[in-house]
>>> print(open('upload-v9.txt').read())   # compact mmCIF, C-alpha atoms
# COMPACT_ATOMS: atom_id res chain seq x y z
CA MET A 1 0.00 0.00 0.00
CA ARG A 2 1.26 3.50 -0.85
CA PHE A 3 0.81 6.52 1.40
CA LEU A 4 1.19 9.72 -0.59
CA LEU A 5 1.29 13.16 0.99
CA ASP A 6 -1.07 15.74 -0.43
CA PRO A 7 0.44 18.98 -1.87
CA GLU A 8 -0.09 20.94 1.36
CA GLN A 9 1.57 18.29 3.48
CA ALA A 10 4.50 17.97 1.08
CA GLU A 11 5.01 21.74 1.10
CA PHE A 12 4.88 21.77 4.90
CA GLY A 13 7.70 19.23 4.97
CA ARG A 14 9.75 21.21 2.47
CA THR A 15 9.22 24.41 4.45
CA LEU A 16 10.47 22.77 7.63
CA ASP A 17 13.44 21.33 5.76
CA ARG A 18 14.41 24.76 4.42
CA MET A 19 13.96 26.43 7.79
CA LEU A 20 16.01 23.86 9.68
CA GLY A 21 18.60 23.70 6.92
CA ALA A 22 19.20 27.43 7.32
CA ALA A 23 19.70 27.05 11.07
CA ASP A 24 22.97 25.91 12.61
CA THR A 25 21.53 22.78 14.19
CA PRO A 26 24.91 21.05 14.81
CA SER A 27 25.95 23.98 17.03
CA ALA A 28 22.62 23.84 18.85
CA VAL A 29 23.05 20.09 19.45
CA ARG A 30 26.57 20.51 20.79
CA ALA A 31 25.50 23.38 23.05
CA TRP A 32 22.56 21.33 24.36
CA ALA A 33 24.85 18.40 25.12
CA GLY A 34 27.20 20.77 26.93
CA GLY A 35 24.45 22.07 29.21
CA ASP A 36 23.61 25.27 27.31
CA PRO A 37 19.99 25.04 26.13
CA GLU A 38 19.68 28.58 24.76
CA PRO A 39 20.49 27.88 21.08
CA GLY A 40 18.19 24.85 21.22
CA ARG A 41 15.36 26.86 22.78
CA GLU A 42 15.73 29.52 20.09
CA LEU A 43 15.38 26.77 17.50
CA TRP A 44 12.43 25.40 19.49
CA ALA A 45 10.67 28.77 19.17
CA ARG A 46 11.12 28.74 15.40
CA ILE A 47 9.74 25.20 15.18
CA ALA A 48 6.72 26.27 17.23
CA GLU A 49 6.24 29.31 15.00
CA ALA A 50 6.08 26.94 12.03
CA GLY A 51 3.13 25.27 13.79
CA VAL A 52 4.66 21.92 14.70
CA PHE A 53 3.57 21.74 18.34
CA ALA A 54 0.14 23.17 17.54
CA LEU A 55 -0.45 19.99 15.52
CA ALA A 56 -0.64 18.07 18.82
CA VAL A 57 -2.91 20.56 20.61
CA PRO A 58 -6.73 20.59 20.28
CA GLU A 59 -8.33 23.67 18.74
CA ALA A 60 -9.99 24.52 22.06
CA TYR A 61 -6.52 25.23 23.48
CA GLU A 62 -5.09 27.34 20.63
CA GLY A 63 -3.88 24.39 18.57
CA VAL A 64 -5.03 23.10 15.20
CA GLY A 65 -6.23 19.71 16.41
CA VAL A 66 -4.30 16.48 16.78
CA LEU A 67 -3.02 15.67 13.27
CA PRO A 68 -0.85 12.51 13.45
CA VAL A 69 0.15 12.42 9.76
CA GLU A 70 1.38 16.02 9.79
CA LEU A 71 3.13 15.38 13.10
CA ALA A 72 4.89 12.32 11.68
CA LEU A 73 5.97 14.34 8.66
CA ALA A 74 7.33 17.10 10.90
CA PHE A 75 9.24 14.66 13.09
CA VAL A 76 10.90 13.04 10.10
CA GLU A 77 12.33 16.49 9.32
CA LEU A 78 13.29 17.10 12.95
CA GLY A 79 15.19 13.81 12.89
CA ARG A 80 16.85 14.63 9.57
CA HIS A 81 18.20 17.83 11.13
CA ALA A 82 19.06 16.28 14.53
CA VAL A 83 17.09 18.90 16.49
CA PRO A 84 17.73 18.43 20.24
CA GLY A 85 15.26 18.50 23.09
CA PRO A 86 12.17 16.64 24.36
CA LEU A 87 10.29 17.13 21.10
CA VAL A 88 8.48 13.79 21.16
CA GLU A 89 7.67 14.11 24.84
CA THR A 90 6.19 17.59 24.45
CA ALA A 91 3.91 16.51 21.61
CA ALA A 92 2.86 13.36 23.50
CA ALA A 93 2.23 15.38 26.66
CA ALA A 94 -0.02 17.69 24.66
CA VAL A 95 -2.10 14.71 23.53
CA LEU A 96 -2.14 13.37 27.10
CA LEU A 97 -3.31 16.66 28.59
CA GLY A 98 -5.86 17.11 25.83
CA GLY A 99 -7.41 13.82 26.93
CA LEU A 100 -7.46 15.01 30.56
CA ALA A 101 -9.19 18.32 29.92
CA ARG A 102 -12.20 17.29 32.02
CA ASP A 103 -10.03 16.37 35.02
CA GLY A 104 -8.60 19.73 36.01
CA GLY A 105 -6.68 22.79 34.97
CA ALA A 106 -3.49 21.17 33.66
CA ALA A 107 -4.74 21.31 30.07
CA LYS A 108 -5.76 24.94 30.36
CA GLU A 109 -2.45 25.84 31.98
CA TRP A 110 -0.07 24.03 29.64
CA LEU A 111 -1.64 23.37 26.24
CA PRO A 112 -1.64 26.99 24.96
CA ARG A 113 1.97 27.33 26.10
CA ILE A 114 2.94 24.11 24.31
CA ALA A 115 1.17 25.23 21.12
CA ASP A 116 3.08 28.51 20.83
CA GLY A 117 6.43 27.14 21.97
CA ARG A 118 6.62 28.80 25.37
CA ALA A 119 6.73 25.44 27.17
CA ALA A 120 8.92 22.39 26.70
CA VAL A 121 7.58 19.37 28.57
CA SER A 122 9.08 16.04 29.56
CA LEU A 123 7.02 12.89 29.87
CA GLY A 124 7.89 9.57 31.46
CA ALA A 125 6.18 6.20 31.78
CA GLY A 126 6.24 3.69 34.60
CA ALA A 127 7.34 3.94 38.22
CA ASP A 128 10.97 3.46 37.15
CA GLY A 129 10.66 5.69 34.09
CA TYR A 130 12.97 8.39 32.86
CA LEU A 131 12.41 12.04 32.08
CA LEU A 132 14.25 13.42 29.07
CA ASP A 133 15.99 16.78 29.60
CA ALA A 134 14.19 17.29 32.90
CA ASP A 135 16.74 19.92 33.91
CA VAL A 136 15.66 22.36 31.17
CA VAL A 137 11.93 21.72 30.68
CA ASP A 138 9.09 23.85 32.03
CA ALA A 139 6.98 20.93 33.26
CA ALA A 140 7.20 17.16 33.59
CA PHE A 141 4.55 14.46 33.86
CA LEU A 142 4.66 10.76 34.64
CA MET A 143 2.25 8.07 33.46
CA GLU A 144 1.90 5.23 35.96
CA GLY A 145 -0.65 2.67 34.87
CA SER A 146 -3.87 4.63 34.40
CA GLU A 147 -2.70 7.53 36.57
CA VAL A 148 -1.08 10.77 35.44
CA ARG A 149 1.14 12.58 37.93
CA SER A 150 3.30 15.64 37.99
CA ALA A 151 6.96 14.68 38.12
CA ALA A 152 10.43 15.98 38.84
CA ALA A 153 13.97 14.79 38.23
CA ARG A 154 15.58 12.61 40.88
CA GLY A 155 19.33 12.77 41.20
CA ALA A 156 21.88 13.31 38.45
CA PHE A 157 21.24 12.51 34.84
CA VAL A 158 21.89 9.06 33.44
CA GLU A 159 24.49 8.94 30.68
CA SER A 160 23.13 8.12 27.23
CA ALA A 161 24.85 7.09 24.02
CA ASP A 162 23.67 10.46 22.70
CA PRO A 163 25.12 13.32 24.82
CA ALA A 164 22.21 15.52 23.76
CA ARG A 165 19.73 13.13 25.44
CA ARG A 166 19.95 13.75 29.19
CA LEU A 167 17.83 11.18 31.04
CA PHE A 168 16.79 11.65 34.66
CA ARG A 169 15.08 9.20 36.98
CA ALA A 170 11.52 10.38 37.57
CA GLU A 171 10.17 11.24 40.99
CA ALA A 172 6.37 11.11 41.05
CA GLY A 173 4.42 14.06 42.41
CA GLU A 174 0.74 14.73 42.95
CA VAL A 175 -1.93 12.88 41.02
CA ILE A 176 -3.39 14.92 38.16
CA ALA A 177 -5.79 12.26 36.91
CA GLY A 178 -6.55 8.91 38.51
CA ASP A 179 -8.43 7.09 35.77
CA ALA A 180 -6.87 8.17 32.50
CA ALA A 181 -6.15 4.88 30.72
CA PRO A 182 -7.42 6.03 27.27
CA ALA A 183 -5.38 9.25 27.38
CA VAL A 184 -2.29 7.39 28.60
CA ALA A 185 -2.60 4.78 25.84
CA ARG A 186 -3.02 7.44 23.16
CA ALA A 187 -0.08 9.49 24.41
CA THR A 188 2.14 6.40 24.58
CA ASP A 189 1.22 5.39 21.04
CA LEU A 190 1.88 8.90 19.75
CA ALA A 191 5.26 9.00 21.48
CA ALA A 192 6.23 5.69 19.85
CA LEU A 193 5.00 6.88 16.45
CA LEU A 194 6.88 10.18 16.58
CA THR A 195 10.04 8.44 17.80
CA ALA A 196 9.73 6.14 14.79
CA ALA A 197 9.38 9.17 12.51
CA GLN A 198 12.39 10.80 14.13
CA SER A 199 14.39 7.60 13.66
CA LEU A 200 13.40 7.51 10.00
CA GLY A 201 14.67 11.07 9.56
CA VAL A 202 17.95 10.25 11.30
CA GLY A 203 18.45 7.22 9.06
CA LEU A 204 17.68 9.16 5.88
CA GLU A 205 20.21 11.84 6.77
CA LEU A 206 22.88 9.28 7.67
CA LEU A 207 22.35 7.60 4.31
CA ARG A 208 22.45 10.92 2.44
CA ARG A 209 25.71 11.96 4.07
CA THR A 210 27.27 8.56 3.48
CA VAL A 211 26.32 8.50 -0.21
CA GLU A 212 27.84 11.95 -0.57
CA TYR A 213 31.03 10.87 1.20
CA VAL A 214 31.62 7.67 -0.78
CA GLY A 215 31.16 9.67 -3.98
CA ARG A 216 34.02 11.98 -2.92
CA ARG A 217 36.40 9.57 -1.22
CA ARG A 218 38.74 7.98 -3.74
CA GLN A 219 40.81 4.82 -3.55
CA PHE A 220 42.84 3.22 -6.31
CA GLY A 221 41.96 6.23 -8.42
CA VAL A 222 38.17 5.77 -8.28
CA PRO A 223 35.40 6.79 -5.83
CA ILE A 224 34.86 4.10 -3.21
CA GLY A 225 31.16 4.36 -3.99
CA SER A 226 31.87 2.47 -7.20
CA PHE A 227 32.89 -0.65 -5.27
CA GLN A 228 30.29 -3.40 -5.32
CA ALA A 229 30.53 -4.09 -1.58
CA VAL A 230 29.89 -0.43 -0.78
CA LYS A 231 26.91 -0.33 -3.15
CA HIS A 232 25.42 -3.39 -1.49
CA ARG A 233 25.83 -1.90 1.97
CA LEU A 234 24.10 1.31 0.95
CA ALA A 235 21.36 -0.56 -0.88
CA ASP A 236 20.61 -2.59 2.26
CA ALA A 237 20.34 0.61 4.29
CA LEU A 238 18.09 2.23 1.70
CA LEU A 239 15.78 -0.79 1.52
CA GLY A 240 15.31 -0.77 5.28
CA LEU A 241 14.44 2.91 5.34
CA GLU A 242 12.11 2.71 2.38
CA PHE A 243 10.35 -0.27 3.95
CA ALA A 244 9.92 1.67 7.19
CA ARG A 245 8.57 4.85 5.57
CA PRO A 246 5.09 3.52 4.61
CA LEU A 247 4.82 1.75 7.97
CA VAL A 248 5.37 5.06 9.75
CA PHE A 249 2.79 6.96 7.72
CA GLY A 250 0.40 4.01 7.74
CA ALA A 251 0.58 3.96 11.53
CA ALA A 252 -0.05 7.71 11.57
CA VAL A 253 -3.26 7.10 9.62
CA SER A 254 -4.54 4.21 11.74
CA LEU A 255 -2.96 4.93 15.16
CA ALA A 256 -3.55 1.25 15.93
CA GLY A 257 -1.20 -0.17 18.55
CA ARG A 258 -0.02 -3.02 16.33
CA ASP A 259 0.73 -0.63 13.46
CA VAL A 260 2.58 1.81 15.69
CA ALA A 261 4.73 -1.00 17.14
CA ALA A 262 5.54 -2.33 13.67
CA ALA A 263 6.53 1.14 12.48
CA LYS A 264 8.65 1.71 15.57
CA VAL A 265 10.67 -1.48 15.23
CA ALA A 266 11.11 -1.10 11.46
CA ALA A 267 12.20 2.55 11.57
CA GLY A 268 14.41 2.10 14.62
CA GLU A 269 16.29 -0.85 13.21
CA ALA A 270 16.56 0.73 9.74
CA ALA A 271 18.11 3.85 11.25
CA TYR A 272 20.48 1.76 13.36
CA ARG A 273 21.50 -0.19 10.26
CA ALA A 274 22.09 3.06 8.38
CA ALA A 275 24.20 4.32 11.30
CA ARG A 276 26.40 1.23 11.25
CA ALA A 277 26.83 1.48 7.50
CA ALA A 278 27.71 5.17 7.80
CA LEU A 279 30.27 4.49 10.51
CA HIS A 280 31.97 1.69 8.59
CA LEU A 281 31.99 3.44 5.21
CA HIS A 282 33.38 6.66 6.63
CA GLY A 283 36.35 4.68 7.94
CA ALA A 284 38.44 6.12 10.77
CA VAL A 285 37.01 9.61 10.32
CA GLY A 286 33.60 8.23 11.24
CA TYR A 287 34.71 7.77 14.85
CA THR A 288 35.57 11.43 15.41
CA GLU A 289 33.28 13.66 17.47
CA GLU A 290 34.40 16.68 15.46
CA LEU A 291 32.65 15.34 12.36
CA ASP A 292 28.99 16.42 12.28
CA LEU A 293 28.09 12.88 11.27
CA SER A 294 28.59 11.86 14.90
CA LEU A 295 25.54 13.90 15.93
CA TRP A 296 23.31 11.58 13.90
CA LEU A 297 25.29 8.41 14.56
CA ARG A 298 24.80 8.75 18.29
CA LYS A 299 21.06 9.27 18.02
CA ALA A 300 20.20 6.10 16.15
CA ARG A 301 20.59 3.58 19.00
CA PRO A 302 18.86 5.61 21.76
CA LEU A 303 15.93 6.42 19.46
CA ARG A 304 15.66 2.76 18.51
CA ASP A 305 15.08 1.88 22.16
CA ALA A 306 13.13 4.94 23.37
CA TRP A 307 9.36 4.50 23.76
CA GLY A 308 9.56 0.82 22.93
CA THR A 309 12.60 -1.42 22.47
CA PRO A 310 12.57 -3.82 19.49
CA ALA A 311 11.63 -6.70 21.81
CA TRP A 312 8.81 -4.62 23.35
CA CYS A 313 7.48 -3.71 19.90
CA ARG A 314 7.68 -7.25 18.52
CA ALA A 315 5.83 -8.59 21.55
CA ARG A 316 3.14 -6.00 21.00
CA VAL A 317 2.80 -6.85 17.33
CA VAL A 318 2.42 -10.53 18.19
CA ALA A 319 0.06 -9.97 21.08
CA ALA A 320 -1.70 -6.89 19.63
CA GLU A 321 -2.03 -5.34 23.06
CA CYS A 322 0.23 -3.41 25.44
CA SER A 323 -0.25 -5.74 28.40
CA SER A 324 1.04 -8.86 26.64
CA GLY A 325 4.52 -10.34 26.41
CA ALA A 326 7.31 -7.90 27.17
CA ALA A 327 5.10 -4.82 26.92
CA GLY A 328 5.25 -4.17 30.64
CA ARG A 329 8.74 -2.72 30.48
CA ALA A 330 9.25 1.01 30.82
CA PRO A 331 9.68 2.57 27.37
CA TYR A 332 12.80 4.52 28.40
CA ARG A 333 15.97 2.64 29.16
CA SER A 334 19.47 3.79 30.00
CA ARG A 335 22.54 2.95 27.98
CA GLU A 336 23.64 0.54 30.71
CA GLU A 337 20.33 -1.29 30.49
CA ASP A 338 20.51 -1.26 26.70
CA SER A 339 23.91 -2.92 26.77
CA ARG A 340 22.44 -5.98 28.50
CA GLU A 341 20.07 -6.64 25.61
CA GLU A 342 21.73 -8.20 22.59
CA ASP A 343 20.68 -6.86 19.21
CA SER A 344 17.95 -9.22 18.09
CA ARG A 345 19.01 -9.05 14.48
CA GLU A 346 22.66 -8.47 13.60
CA GLU A 347 23.21 -7.06 10.12
CA ASP A 348 25.63 -8.78 7.77
CA SER A 349 29.14 -7.55 8.53
CA ARG A 350 30.31 -7.86 4.97
>>> encode(input="upload-v9.txt", output="structure tokens")
Amino acid sequence: MRFLLDPEQAEFGRTLDRMLGAADTPSAVRAWAGGDPEPGRELWARIAEAGVFALAVPEAYEGVGVLPVELALAFVELGRHAVPGPLVETAAAAVLLGGLARDGGAAKEWLPRIADGRAAVSLGAGADGYLLDADVVDAAFLMEGSEVRSAAARGAFVESADPARRLFRAEAGEVIAGDAAPAVARATDLAALLTAAQSLGVGLELLRRTVEYVGRRRQFGVPIGSFQAVKHRLADALLGLEFARPLVFGAAVSLAGRDVAAAKVAAGEAAYRAARAALHLHGAVGYTEELDLSLWLRKARPLRDAWGTPAWCRARVVAAECSSGAAGRAPYRSREEDSREEDSREEDSR
């Protein structure tokens, strides 16, 4: 099945691409990783001005309604440009609060501020969940079962493979809503979907940069991109990404849990495969932090595991419900926890 964007959606994606391409996102990422959020927040304001966060906010709260396809499109571009910050969490929190409007003033307080970019929000899941960038956000919420609570960071941040992803253990606060299972489920699904879209964007940019590099790098008097082994490696990466693309947009149309999980595992593993290919084909220079490529390389693995590890997603696809199989695990995991889980599918090392 083919999912084609209409002209307005395609132009929205191109507009975001041009805007982010004109910004110095690598500098913003490095500043964010170094503890200086100002360049990232300036970029955040421009993204909000383009209407990205308003896509997750209902019209009653100064948004344009929850539009999953447009959100997925936007997050592909945010991934392609490696924009830092709790982007997924803010959009998912907007959907969560929109579903809690009848339960108090949290929606009224935060949704207009999310829509216009004044508020960045972190969102965690599970009693042992993590809060992304909790030291720089304006609010944080925690989903525990069917409850929604305010939250705060507990202790120092947990080191991630991506220095621009600062994870903090969540400390639960007061209960905002006690019976919010539908809103929690919808927010969790949206977070997984947008993480998949972000992963797809990261993978596409890694592939683009690698194709460009192997066309320039010469060996034995010819570009290394002319070597059959290099072509095969790039073709494998491209196939994975192109297979994931319709799954992501198909899941945005249906928002069914099984579809979201399938999109998440396909996009996450395709981006991780593209990252490994990029690292190998760039040779020794690929390991250097000074090369901008590293900003995308180091995002692929954490995004693959955020809001649903591959095992979590596969169990959900098989069981078709969150409560089955391995779906009880917290969506966020630290790098140390990630290292204990072997990659379920190792790509060919040739």
>>> closest_residue(input="upload-v9.txt", among="A:Val57, A:Ala185, A:Ala127, A:Leu73", to="Leu16 of chain A", atoms="all atoms listed in the file")
A:Leu73
>>> closest_atom_pairs(input="upload-v9.txt", of="segment 262-308 of chain A", to="segment 119-125 of chain A", cutoff="12 Å", atoms="all atoms listed in the file", output="tab-separated table")
residue	atom	partner	partner_atom	distance
A:Ala306	CA	A:Gly124	CA	10.7
A:Trp307	CA	A:Ala125	CA	8.8
A:Gly308	CA	A:Ala125	CA	10.9
>>> write_last_selection(input="upload-v9.txt", atoms="C-alpha atoms", output="tab-separated table (two decimals), in the coordinates of the input")
chain	number	residue	atom	x	y	z
A	306	ALA	CA	13.13	4.94	23.37
A	307	TRP	CA	9.36	4.50	23.76
A	308	GLY	CA	9.56	0.82	22.93
>>> axis_aligned_box(input="upload-v9.txt", around="segment 307-316 of chain A", padding_each_side="5 Å", output="JSON")
{"center_x": 7.9, "center_y": -2.0, "center_z": 21.1, "size_x": 19.5, "size_y": 23.1, "size_z": 15.2}
>>> closest_residue(input="upload-v9.txt", among="A:Arg304, A:Arg113, A:Arg218, A:His232", to="Val265 of chain A", atoms="only C-alpha atoms")
A:Arg304
>>> residues_around(input="upload-v9.txt", residues="Val211 of chain A", least_positions_apart="5", cutoff="9 Å", atoms="all atoms listed in the file", output="ChimeraX atom specification")
/A:206,216,225,234,278
>>> closest_residue(input="upload-v9.txt", among="A:Glu8, A:Asp116, A:Asp135, A:Glu109", to="Trp32 of chain A", atoms="all atoms listed in the file")
A:Asp135
>>> residues_around(input="upload-v9.txt", residues="Leu55 of chain A", least_positions_apart="2", cutoff="10 Å", atoms="only C-alpha atoms", output="JSON, numbers by chain")
{"A": [48, 51, 52, 53, 57, 58, 59, 63, 64, 65, 66, 67, 68, 69, 70, 71, 74, 91, 94, 95, 115]}
>>> write_last_selection(input="upload-v9.txt", atoms="C-alpha atoms", output="mmCIF file, in the coordinates of the input")
data_model
loop_
_atom_site.group_PDB
_atom_site.id
_atom_site.type_symbol
_atom_site.label_atom_id
_atom_site.label_comp_id
_atom_site.auth_asym_id
_atom_site.auth_seq_id
_atom_site.Cartn_x
_atom_site.Cartn_y
_atom_site.Cartn_z
ATOM 1 C CA ALA A 48 6.720 26.270 17.230
ATOM 2 C CA GLY A 51 3.130 25.270 13.790
ATOM 3 C CA VAL A 52 4.660 21.920 14.700
ATOM 4 C CA PHE A 53 3.570 21.740 18.340
ATOM 5 C CA VAL A 57 -2.910 20.560 20.610
ATOM 6 C CA PRO A 58 -6.730 20.590 20.280
ATOM 7 C CA GLU A 59 -8.330 23.670 18.740
ATOM 8 C CA GLY A 63 -3.880 24.390 18.570
ATOM 9 C CA VAL A 64 -5.030 23.100 15.200
ATOM 10 C CA GLY A 65 -6.230 19.710 16.410
ATOM 11 C CA VAL A 66 -4.300 16.480 16.780
ATOM 12 C CA LEU A 67 -3.020 15.670 13.270
ATOM 13 C CA PRO A 68 -0.850 12.510 13.450
ATOM 14 C CA VAL A 69 0.150 12.420 9.760
ATOM 15 C CA GLU A 70 1.380 16.020 9.790
ATOM 16 C CA LEU A 71 3.130 15.380 13.100
ATOM 17 C CA ALA A 74 7.330 17.100 10.900
ATOM 18 C CA ALA A 91 3.910 16.510 21.610
ATOM 19 C CA ALA A 94 -0.020 17.690 24.660
ATOM 20 C CA VAL A 95 -2.100 14.710 23.530
ATOM 21 C CA ALA A 115 1.170 25.230 21.120
#
>>> residues_around(input="upload-v9.txt", residues="Gly85 of chain A", least_positions_apart="5", cutoff="9 Å", atoms="all atoms listed in the file", output="short mmCIF file (atom, residue, chain, number, x, y, z; two decimals) with C-alpha atoms, keeping the file's coordinate frame")
data_model
loop_
_atom_site.label_atom_id
_atom_site.label_comp_id
_atom_site.auth_asym_id
_atom_site.auth_seq_id
_atom_site.Cartn_x
_atom_site.Cartn_y
_atom_site.Cartn_z
CA VAL A 29 23.05 20.09 19.45
CA TRP A 32 22.56 21.33 24.36
CA PRO A 37 19.99 25.04 26.13
CA GLY A 40 18.19 24.85 21.22
CA ARG A 41 15.36 26.86 22.78
CA TRP A 44 12.43 25.40 19.49
CA ALA A 120 8.92 22.39 26.70
CA LEU A 132 14.25 13.42 29.07
CA ASP A 133 15.99 16.78 29.60
CA VAL A 136 15.66 22.36 31.17
CA VAL A 137 11.93 21.72 30.68
CA ALA A 164 22.21 15.52 23.76
CA ARG A 165 19.73 13.13 25.44
#
>>> atom_distance(input="upload-v9.txt", atom1="atom CA of Glu212 of chain A", atom2="atom CA of Ala237 of chain A")
14.4 Å
>>> closest_residue(input="upload-v9.txt", among="A:Gly145, A:Leu238, A:Ala134, A:Leu97", to="Glu205 of chain A", atoms="all atoms listed in the file")
A:Leu238
>>> residues_around(input="upload-v9.txt", residues="Phe168 of chain A", least_positions_apart="5", cutoff="8 Å", atoms="only C-alpha atoms", output="list in words")
Tyr130, Leu131, Leu132, Asp133, Ala134, Ala153, Arg154, Gly155, Ala156, Phe157 and Val158 of chain A
>>> closest_residue(input="upload-v9.txt", among="A:Ala161, A:Val285, A:Leu255, A:Leu100", to="Thr210 of chain A", atoms="all atoms listed in the file")
A:Val285
>>> closest_residue(input="upload-v9.txt", among="A:Ala319, A:Ala263, A:Glu144, A:Trp312", to="Phe249 of chain A", atoms="only C-alpha atoms")
A:Ala263
>>> decode(input="upload-v9.txt", residues="segment 63-80 of chain A", atoms="N, CA, C and O atoms", output="short mmCIF file (atom, residue, chain, number, x, y, z; two decimals), in the first residue's frame")
data_model
loop_
_atom_site.label_atom_id
_atom_site.label_comp_id
_atom_site.auth_asym_id
_atom_site.auth_seq_id
_atom_site.Cartn_x
_atom_site.Cartn_y
_atom_site.Cartn_z
N GLY A 63 -4.58 25.24 19.54
CA GLY A 63 -3.88 24.39 18.57
C GLY A 63 -4.68 24.27 17.29
O GLY A 63 -5.63 25.03 17.05
N VAL A 64 -4.31 23.32 16.47
CA VAL A 64 -5.03 23.10 15.20
C VAL A 64 -5.62 21.69 15.17
O VAL A 64 -5.98 21.19 14.11
N GLY A 65 -5.71 21.07 16.34
CA GLY A 65 -6.23 19.71 16.41
C GLY A 65 -5.11 18.70 16.35
O GLY A 65 -4.02 19.00 15.86
N VAL A 66 -5.33 17.52 16.82
CA VAL A 66 -4.30 16.48 16.78
C VAL A 66 -4.28 15.88 15.37
O VAL A 66 -5.23 15.23 14.95
N LEU A 67 -3.17 16.11 14.66
CA LEU A 67 -3.02 15.67 13.27
C LEU A 67 -1.81 14.75 13.17
O LEU A 67 -0.69 15.20 12.93
N PRO A 68 -1.99 13.44 13.37
CA PRO A 68 -0.85 12.51 13.45
C PRO A 68 -0.01 12.45 12.17
O PRO A 68 1.22 12.30 12.25
N VAL A 69 -0.63 12.52 11.00
CA VAL A 69 0.15 12.42 9.76
C VAL A 69 1.08 13.63 9.64
O VAL A 69 2.28 13.48 9.33
N GLU A 70 0.55 14.82 9.87
CA GLU A 70 1.38 16.02 9.79
C GLU A 70 2.46 16.01 10.86
O GLU A 70 3.59 16.45 10.63
N LEU A 71 2.12 15.50 12.05
CA LEU A 71 3.13 15.38 13.10
C LEU A 71 4.24 14.43 12.69
O LEU A 71 5.43 14.72 12.88
N ALA A 72 3.88 13.28 12.13
CA ALA A 72 4.89 12.32 11.68
C ALA A 72 5.79 12.94 10.63
O ALA A 72 7.02 12.78 10.66
N LEU A 73 5.19 13.66 9.69
CA LEU A 73 5.97 14.34 8.66
C LEU A 73 6.95 15.33 9.28
O LEU A 73 8.13 15.39 8.91
N ALA A 74 6.46 16.11 10.24
CA ALA A 74 7.33 17.10 10.90
C ALA A 74 8.47 16.42 11.63
O ALA A 74 9.62 16.88 11.59
N PHE A 75 8.19 15.31 12.30
CA PHE A 75 9.24 14.66 13.09
C PHE A 75 10.26 13.93 12.23
O PHE A 75 11.40 13.74 12.65
N VAL A 76 9.89 13.54 11.03
CA VAL A 76 10.90 13.04 10.10
C VAL A 76 11.92 14.15 9.82
O VAL A 76 13.14 13.92 9.83
N GLU A 77 11.43 15.37 9.59
CA GLU A 77 12.33 16.49 9.32
C GLU A 77 13.15 16.86 10.55
O GLU A 77 14.34 17.18 10.45
N LEU A 78 12.53 16.81 11.73
CA LEU A 78 13.29 17.10 12.95
C LEU A 78 14.40 16.08 13.15
O LEU A 78 15.50 16.42 13.62
N GLY A 79 14.14 14.82 12.81
CA GLY A 79 15.19 13.81 12.89
C GLY A 79 16.26 14.02 11.84
O GLY A 79 17.45 13.87 12.12
N ARG A 80 15.87 14.39 10.64
CA ARG A 80 16.85 14.63 9.57
C ARG A 80 17.81 15.75 9.94
O ARG A 80 18.97 15.75 9.51
#
